[in-house]
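**Student:** Handing you this structure, nothing more for now.
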Amino acid sequence: MNFKIHDKLIYEFESPKGLLYRMVISYTCVMAAVIILLSFVMGDTSRLNFYFFINSCTVAVMAWFIRQSFNIHSKEPHLLVFRISLFLLLNSSLTSVAGGLNLMERDTASVIAAILYFPAMIMIIYSFRKFISYVNFNYKSAVNLSLTDELTGLPNRRHLNIKLREIENRTGTICIADIDYFKKINDTYGHEAGDKVLRNTGLRLGNFMSDNVFISRSGGEEFAIVIFDNVNAEDIIRRIKASVSDACNGSISVTLSIGVASKNKHDSSSAIISAADNALYQAKMAGRNCIKYAPRRYG
């Protein structure tokens with residue numbers, strides 16, 4: 001199935017905005033035709049010169065801009081302001097064409113064109129500033145979504161990789177925490193209950209996040225904890241474990257097994273992750289629901 005989105009008007013031809021688009025384009029064509037026709041009837045055809053063609057091209061460009069603005073799927077008010085400003089510029093150019101062909105006094109045409117041009121530029125500046133804010137906000141939202149785990153609300157594996165690069169030349173502590181018997185929880189109570197446990201665990205873990213403590217869902221029922229500069233690392237880890245165990249999950253008892261590895265400045269993050277993972281394995285072998293520390297030699 002082809003889901004490719006083509007560059008075309010997003011609004012149906014019969015929709016109100018499709019009608020507005022057709023009216024603007026029709027208005028442009030009709031006004032341009034009327035001006036050219038009047039120039040042959042009562043104007044000065046000798047003035048069909050370079051100035052006339054430049055203004056005609058400007059009219060065509062304005063019409064093209066208005067047409068393109070209907071490709072934008074947005075209900076933001078500044079988009080309407082932008083379209084109105086383009087429409088004013090379109091009429092300013094049409095007035096200049098009429099003045100250049102002596103269909104009205106050139107001075108009068110210049111004044112009318114200027115009156116239309118000035119508010120149009122003010123509106124364009126306003127809508128452009130709003131557009132910048134709109135783009136920046138949506139860009140930030142998109143980045144945040146790409147770095148956040150949808151179920152728990154914690155940072156995801158991609159965000160963890162960024163933090164691991166940040167700690168590459170720093171001291172700290174890296175932990176791998178795993179919810180004990182999570183597969184049994186899913187098999188016994190169902191995946192909906194398992195998701196609830198993950199959400200509750202995420203909420204508890206999120207309370208410990210700070211400038212020096214980063215916690216992410218690294219996959220499945222596994223969480224990674226990065227503590228920069230060994231700031232009270234042991235105390236933080238104990239409190240994290242106790243907090244998750246105290247969380248309300250109905251009749252479901254939740255405990256954590258945690259593997260911990262300390263990082264010196266020149267240790268690689270990948271080596272410390274591997275050491276923490278091995279320590280987690282030792283915690284599982286020791287009966288789960290405990291904290292195991294990796295030895296300080298990491299091959």
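Residue names in the structure tokens use chain letters A, B, ... in the order shown, residue numbers from 1 in each chain, and ligand numbers from 1 in the order shown.
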Which polymer residues have any atom within 8 Å of an atom of stretch 245-262 of chain A, counting only C-alpha atoms, with same-chain residues fewer than 2 positions away left out, as a PyMOL selection string?
**Tutor:** chain A and resi 171-180+185+196-197+200-201+204+230+241-243+264+272-273+275-284+288-296
**Student:** Mind dumping the selected residues with N, CA and C atoms as a short mmCIF file (atom, residue, chain, number, x, y, z; two decimals), in the first residue's frame?
**Tutor:**
```cif
data_model
loop_
_atom_site.label_atom_id
_atom_site.label_comp_id
_atom_site.auth_asym_id
_atom_site.auth_seq_id
_atom_site.Cartn_x
_atom_site.Cartn_y
_atom_site.Cartn_z
N THR A 171 33.63 11.08 35.50
CA THR A 171 33.40 10.00 36.46
C THR A 171 31.91 9.89 36.72
N GLY A 172 31.49 8.74 37.19
CA GLY A 172 30.08 8.55 37.48
C GLY A 172 29.76 7.11 37.80
N THR A 173 28.47 6.82 37.84
CA THR A 173 27.99 5.47 38.12
C THR A 173 26.90 5.13 37.12
N ILE A 174 26.98 3.93 36.58
CA ILE A 174 25.97 3.46 35.63
C ILE A 174 25.32 2.20 36.20
N CYS A 175 23.99 2.21 36.21
CA CYS A 175 23.23 1.08 36.76
C CYS A 175 22.28 0.53 35.70
N ILE A 176 22.10 -0.77 35.75
CA ILE A 176 21.06 -1.42 34.94
C ILE A 176 20.08 -2.05 35.92
N ALA A 177 18.82 -1.59 35.88
CA ALA A 177 17.78 -2.09 36.79
C ALA A 177 16.75 -2.88 35.99
N ASP A 178 16.30 -3.97 36.53
CA ASP A 178 15.37 -4.84 35.84
C ASP A 178 14.23 -5.23 36.79
N ILE A 179 12.99 -5.13 36.30
CA ILE A 179 11.84 -5.54 37.12
C ILE A 179 11.82 -7.06 37.22
N ASP A 180 11.80 -7.55 38.45
CA ASP A 180 11.86 -8.99 38.67
C ASP A 180 10.57 -9.69 38.23
N ILE A 185 4.50 -11.60 35.48
CA ILE A 185 3.43 -10.62 35.68
C ILE A 185 2.55 -10.54 34.44
N LYS A 196 0.79 -1.24 33.13
CA LYS A 196 0.53 -0.39 34.31
C LYS A 196 1.72 -0.42 35.25
N VAL A 197 2.32 -1.59 35.43
CA VAL A 197 3.52 -1.70 36.27
C VAL A 197 4.65 -0.86 35.70
N ASN A 200 3.84 2.85 36.33
CA ASN A 200 4.06 3.22 37.74
C ASN A 200 5.54 3.26 38.08
N THR A 201 6.28 2.31 37.53
CA THR A 201 7.73 2.30 37.75
C THR A 201 8.37 3.54 37.14
N ARG A 204 7.76 6.55 39.39
CA ARG A 204 8.63 6.54 40.56
C ARG A 204 10.06 6.91 40.19
N ASN A 230 29.44 10.56 40.63
CA ASN A 230 29.26 9.76 41.85
C ASN A 230 28.62 10.54 43.00
N LYS A 241 15.46 1.83 44.54
CA LYS A 241 14.97 0.46 44.70
C LYS A 241 13.80 0.41 45.69
N ALA A 242 13.95 1.11 46.82
CA ALA A 242 12.89 1.12 47.83
C ALA A 242 11.62 1.79 47.30
N SER A 243 11.78 2.87 46.52
CA SER A 243 10.63 3.59 46.00
C SER A 243 9.80 2.75 45.05
N ASN A 264 35.40 5.44 36.09
CA ASN A 264 36.46 6.42 36.22
C ASN A 264 36.50 7.28 34.96
N ILE A 272 31.58 0.12 30.89
CA ILE A 272 30.85 0.25 32.16
C ILE A 272 29.44 -0.32 32.03
N ILE A 273 28.81 -0.09 30.90
CA ILE A 273 27.49 -0.68 30.65
C ILE A 273 27.58 -2.20 30.72
N ALA A 275 29.83 -3.95 32.31
CA ALA A 275 30.09 -4.34 33.70
C ALA A 275 28.81 -4.29 34.53
N ALA A 276 28.00 -3.25 34.34
CA ALA A 276 26.74 -3.12 35.07
C ALA A 276 25.78 -4.25 34.68
N ASP A 277 25.79 -4.62 33.42
CA ASP A 277 24.93 -5.70 32.94
C ASP A 277 25.34 -7.04 33.58
N ASN A 278 26.66 -7.25 33.70
CA ASN A 278 27.15 -8.46 34.35
C ASN A 278 26.77 -8.47 35.83
N ALA A 279 26.84 -7.29 36.47
CA ALA A 279 26.44 -7.19 37.88
C ALA A 279 24.95 -7.49 38.04
N LEU A 280 24.13 -7.03 37.07
CA LEU A 280 22.69 -7.34 37.09
C LEU A 280 22.47 -8.85 37.01
N TYR A 281 23.26 -9.51 36.16
CA TYR A 281 23.14 -10.97 36.04
C TYR A 281 23.45 -11.63 37.38
N GLN A 282 24.46 -11.11 38.07
CA GLN A 282 24.81 -11.65 39.39
C GLN A 282 23.66 -11.43 40.39
N ALA A 283 22.99 -10.29 40.28
CA ALA A 283 21.84 -10.02 41.16
C ALA A 283 20.72 -11.01 40.89
N LYS A 284 20.51 -11.35 39.63
CA LYS A 284 19.48 -12.33 39.27
C LYS A 284 19.85 -13.71 39.82
N ARG A 288 17.46 -12.34 42.98
CA ARG A 288 16.73 -11.13 42.59
C ARG A 288 16.46 -10.25 43.82
N ASN A 289 15.82 -9.10 43.54
CA ASN A 289 15.45 -8.14 44.59
C ASN A 289 16.68 -7.73 45.42
N CYS A 290 17.78 -7.43 44.70
CA CYS A 290 18.99 -7.00 45.40
C CYS A 290 19.84 -6.12 44.49
N ILE A 291 20.88 -5.54 45.08
CA ILE A 291 21.80 -4.68 44.35
C ILE A 291 23.17 -5.33 44.36
N LYS A 292 23.76 -5.47 43.18
CA LYS A 292 25.10 -6.04 43.08
C LYS A 292 26.02 -5.03 42.40
N TYR A 293 27.23 -4.90 42.96
CA TYR A 293 28.23 -3.97 42.42
C TYR A 293 29.30 -4.73 41.66
N ALA A 294 29.63 -4.20 40.48
CA ALA A 294 30.68 -4.82 39.68
C ALA A 294 32.04 -4.51 40.28
N PRO A 295 33.01 -5.42 40.16
CA PRO A 295 34.38 -5.11 40.61
C PRO A 295 34.93 -3.93 39.81
N ARG A 296 35.93 -3.28 40.32
CA ARG A 296 36.44 -2.06 39.68
C ARG A 296 37.43 -2.34 38.56
#
```
**Student:** DSSP on the backbone, then: every residue of stretch 183-276 of chain A marked strand (DSSP E), written as a list in words.
**Tutor:**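 Selecting the strand (DSSP E) positions of stretch 183-276 of chain A gives Val213, Phe214, Ile215, Ser216, Arg217, Ser218, Gly219, Glu222, Phe223, Ala224, Ile225, Val226, Ile227, Phe228, Leu256, Ser257, Ile258, Gly259, Val260, Ala261, Ser262 and Lys263 of chain A.
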**Student:** Please provide as a list of chain:residue names all residues within 7 Å of A:Gly100, with the sequence filter that same-chain residues fewer than 3 positions apart are discarded (counting only C-alpha atoms).
**Tutor:**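 Final neighbour list, sorted by chain and number: A:Arg47, A:Phe52, A:Ser96, A:Val97, A:Arg106.
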**Student:** I'd like the contact shell of A:Met31 - 12 Å cut-off, only C-alpha atoms, skipping same-chain residues fewer than 6 positions apart - returned as a list in words.
**Tutor:** Met23, Val24, Ile25, Leu37, Leu38, Ser56, Val59, Ala60, Ala63, Leu90, Asn91, Ser93, Leu94, Thr95, Val97 and Ala98 of chain A
**Student:** Produce a file of the selected residues containing N, CA and C atoms, as an mmCIF file, in the first residue's frame.
**Tutor:**
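Now in selection06.cif:
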```
data_model
loop_
_atom_site.group_PDB
_atom_site.id
_atom_site.type_symbol
_atom_site.label_atom_id
_atom_site.label_comp_id
_atom_site.auth_asym_id
_atom_site.auth_seq_id
_atom_site.Cartn_x
_atom_site.Cartn_y
_atom_site.Cartn_z
ATOM 1 N N MET A 23 -11.552 31.198 -5.486
ATOM 2 C CA MET A 23 -11.981 32.591 -5.610
ATOM 3 C C MET A 23 -10.786 33.527 -5.769
ATOM 4 N N VAL A 24 -9.719 33.278 -5.003
ATOM 5 C CA VAL A 24 -8.527 34.129 -5.092
ATOM 6 C C VAL A 24 -7.881 34.004 -6.464
ATOM 7 N N ILE A 25 -7.717 32.775 -6.928
ATOM 8 C CA ILE A 25 -7.095 32.566 -8.239
ATOM 9 C C ILE A 25 -7.980 33.149 -9.346
ATOM 10 N N LEU A 37 -7.464 44.159 -20.966
ATOM 11 C CA LEU A 37 -8.514 44.514 -21.927
ATOM 12 C C LEU A 37 -8.748 46.018 -21.949
ATOM 13 N N LEU A 38 -8.835 46.648 -20.781
ATOM 14 C CA LEU A 38 -9.046 48.095 -20.718
ATOM 15 C C LEU A 38 -7.876 48.861 -21.317
ATOM 16 N N SER A 56 3.511 42.417 -13.957
ATOM 17 C CA SER A 56 2.706 41.237 -14.264
ATOM 18 C C SER A 56 3.326 39.987 -13.641
ATOM 19 N N VAL A 59 2.533 39.972 -10.000
ATOM 20 C CA VAL A 59 1.166 39.490 -9.776
ATOM 21 C C VAL A 59 1.130 37.964 -9.830
ATOM 22 N N ALA A 60 1.810 37.395 -10.814
ATOM 23 C CA ALA A 60 1.831 35.941 -10.961
ATOM 24 C C ALA A 60 2.503 35.275 -9.756
ATOM 25 N N ALA A 63 0.154 35.355 -6.769
ATOM 26 C CA ALA A 63 -0.884 34.329 -6.928
ATOM 27 C C ALA A 63 -0.315 32.947 -6.618
ATOM 28 N N LEU A 90 -0.869 41.448 -3.717
ATOM 29 C CA LEU A 90 -1.392 41.154 -5.053
ATOM 30 C C LEU A 90 -2.138 42.355 -5.604
ATOM 31 N N ASN A 91 -3.005 42.964 -4.792
ATOM 32 C CA ASN A 91 -3.761 44.127 -5.244
ATOM 33 C C ASN A 91 -2.870 45.350 -5.421
ATOM 34 N N SER A 93 0.185 45.219 -6.545
ATOM 35 C CA SER A 93 0.816 45.019 -7.857
ATOM 36 C C SER A 93 -0.167 45.261 -8.992
ATOM 37 N N LEU A 94 -1.416 44.822 -8.822
ATOM 38 C CA LEU A 94 -2.439 45.065 -9.845
ATOM 39 C C LEU A 94 -2.674 46.566 -10.034
ATOM 40 N N THR A 95 -2.658 47.290 -8.920
ATOM 41 C CA THR A 95 -2.822 48.745 -8.998
ATOM 42 C C THR A 95 -1.661 49.383 -9.745
ATOM 43 N N VAL A 97 0.136 47.976 -12.035
ATOM 44 C CA VAL A 97 -0.040 47.657 -13.460
ATOM 45 C C VAL A 97 -1.039 48.617 -14.096
ATOM 46 N N ALA A 98 -2.168 48.838 -13.397
ATOM 47 C CA ALA A 98 -3.186 49.756 -13.923
ATOM 48 C C ALA A 98 -2.630 51.166 -14.070
#
```
**Student:** How many Å lie between atom CA of A:Arg165 and atom CA of A:Ser218, rounded to one decimal?
**Tutor:** 15.3 Å
**Student:** Quick one: distance from atom CA of A:Thr148 to atom CA of A:Ile215 in Å, one decimal?
**Tutor:**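 Atom CA of A:Thr148 sits 11.2 Å away from atom CA of A:Ile215.
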**Student:** Counting only C-alpha atoms, which residue out of A:Tyr181, A:Ser146, A:His78, A:Phe87 sits closest to A:Phe131?
**Tutor:**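 Using only C-alpha atoms, the shortest distance to A:Phe131 belongs to A:His78.
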**Student:** If we count only C-alpha atoms and set the cut-off at 9 Å, which residues sit around A:Phe128, ignoring sequence neighbours fewer than 5 positions away in its own chain? Please answer as a compact mmCIF listing (two decimals) with N, CA and C atoms, in the first residue's frame.
**Tutor:**
```txt
# COMPACT_ATOMS: atom_id res chain seq x y z
N HIS A 78 -1.98 32.95 12.40
CA HIS A 78 -0.99 33.72 11.64
C HIS A 78 -0.95 33.30 10.16
N PHE A 82 -1.10 35.82 7.05
CA PHE A 82 -0.13 35.75 5.96
C PHE A 82 -0.84 35.76 4.61
N MET A 123 1.89 42.94 8.27
CA MET A 123 1.25 41.64 8.51
C MET A 123 2.20 40.49 8.21
N SER A 133 8.12 31.12 15.79
CA SER A 133 7.78 30.54 17.10
C SER A 133 7.08 29.20 16.93
```
**Student:** Write out as a list of chain:residue names the residues lying within 7 Å of stretch 108-112 of chain A, counting only C-alpha atoms and excluding same-chain residues fewer than 3 positions away.
**Tutor:**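 Once the nearby chain positions are removed, what remains is A:Thr95, A:Ser96, A:Gly99, A:Met104, A:Glu105, A:Ile115, A:Leu116.
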**Student:** Could you save the residues just selected, with N, CA and C atoms, as a JSON list (two decimals), in the first residue's frame?
**Tutor:**
```json
[["chain", "number", "residue", "atom", "x", "y", "z"],
["A", 95, "THR", "N", -2.66, 47.29, -8.92],
["A", 95, "THR", "CA", -2.82, 48.75, -9.00],
["A", 95, "THR", "C", -1.66, 49.38, -9.75],
["A", 96, "SER", "N", -0.44, 48.90, -9.48],
["A", 96, "SER", "CA", 0.73, 49.43, -10.18],
["A", 96, "SER", "C", 0.65, 49.16, -11.67],
["A", 99, "GLY", "N", -1.84, 51.62, -13.10],
["A", 99, "GLY", "CA", -1.24, 52.95, -13.19],
["A", 99, "GLY", "C", -0.23, 53.05, -14.31],
["A", 104, "MET", "N", -5.43, 54.76, -14.66],
["A", 104, "MET", "CA", -5.69, 55.73, -13.60],
["A", 104, "MET", "C", -4.45, 56.60, -13.48],
["A", 105, "GLU", "N", -4.61, 57.71, -12.81],
["A", 105, "GLU", "CA", -3.47, 58.60, -12.63],
["A", 105, "GLU", "C", -2.34, 57.84, -11.95],
["A", 115, "ILE", "N", -0.50, 52.35, 0.01],
["A", 115, "ILE", "CA", -1.44, 52.11, 1.11],
["A", 115, "ILE", "C", -1.67, 50.61, 1.31],
["A", 116, "LEU", "N", -1.73, 49.86, 0.23],
["A", 116, "LEU", "CA", -1.91, 48.41, 0.33],
["A", 116, "LEU", "C", -0.61, 47.71, 0.74]]
```
**Student:** From a DSSP pass on the backbone, collect the residues of stretch 13-137 of chain A flagged as helix (DSSP H, G or I) and hand them back as a count of residues only.
**Tutor:** 105
**Student:** Report, in Å with one decimal, the straight-line distance from atom CA of A:Ser210 to atom CA of A:Ile162.
**Tutor:**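 Taking atom CA of A:Ser210 and atom CA of A:Ile162, their separation equals 15.8 Å.
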**Student:** From the list A:Glu76, A:Leu145, A:Leu86, A:Gly220, which residue is nearest A:Phe182 when using only C-alpha atoms?
**Tutor:**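 Counting only C-alpha atoms, the residue closest to A:Phe182 is A:Gly220.
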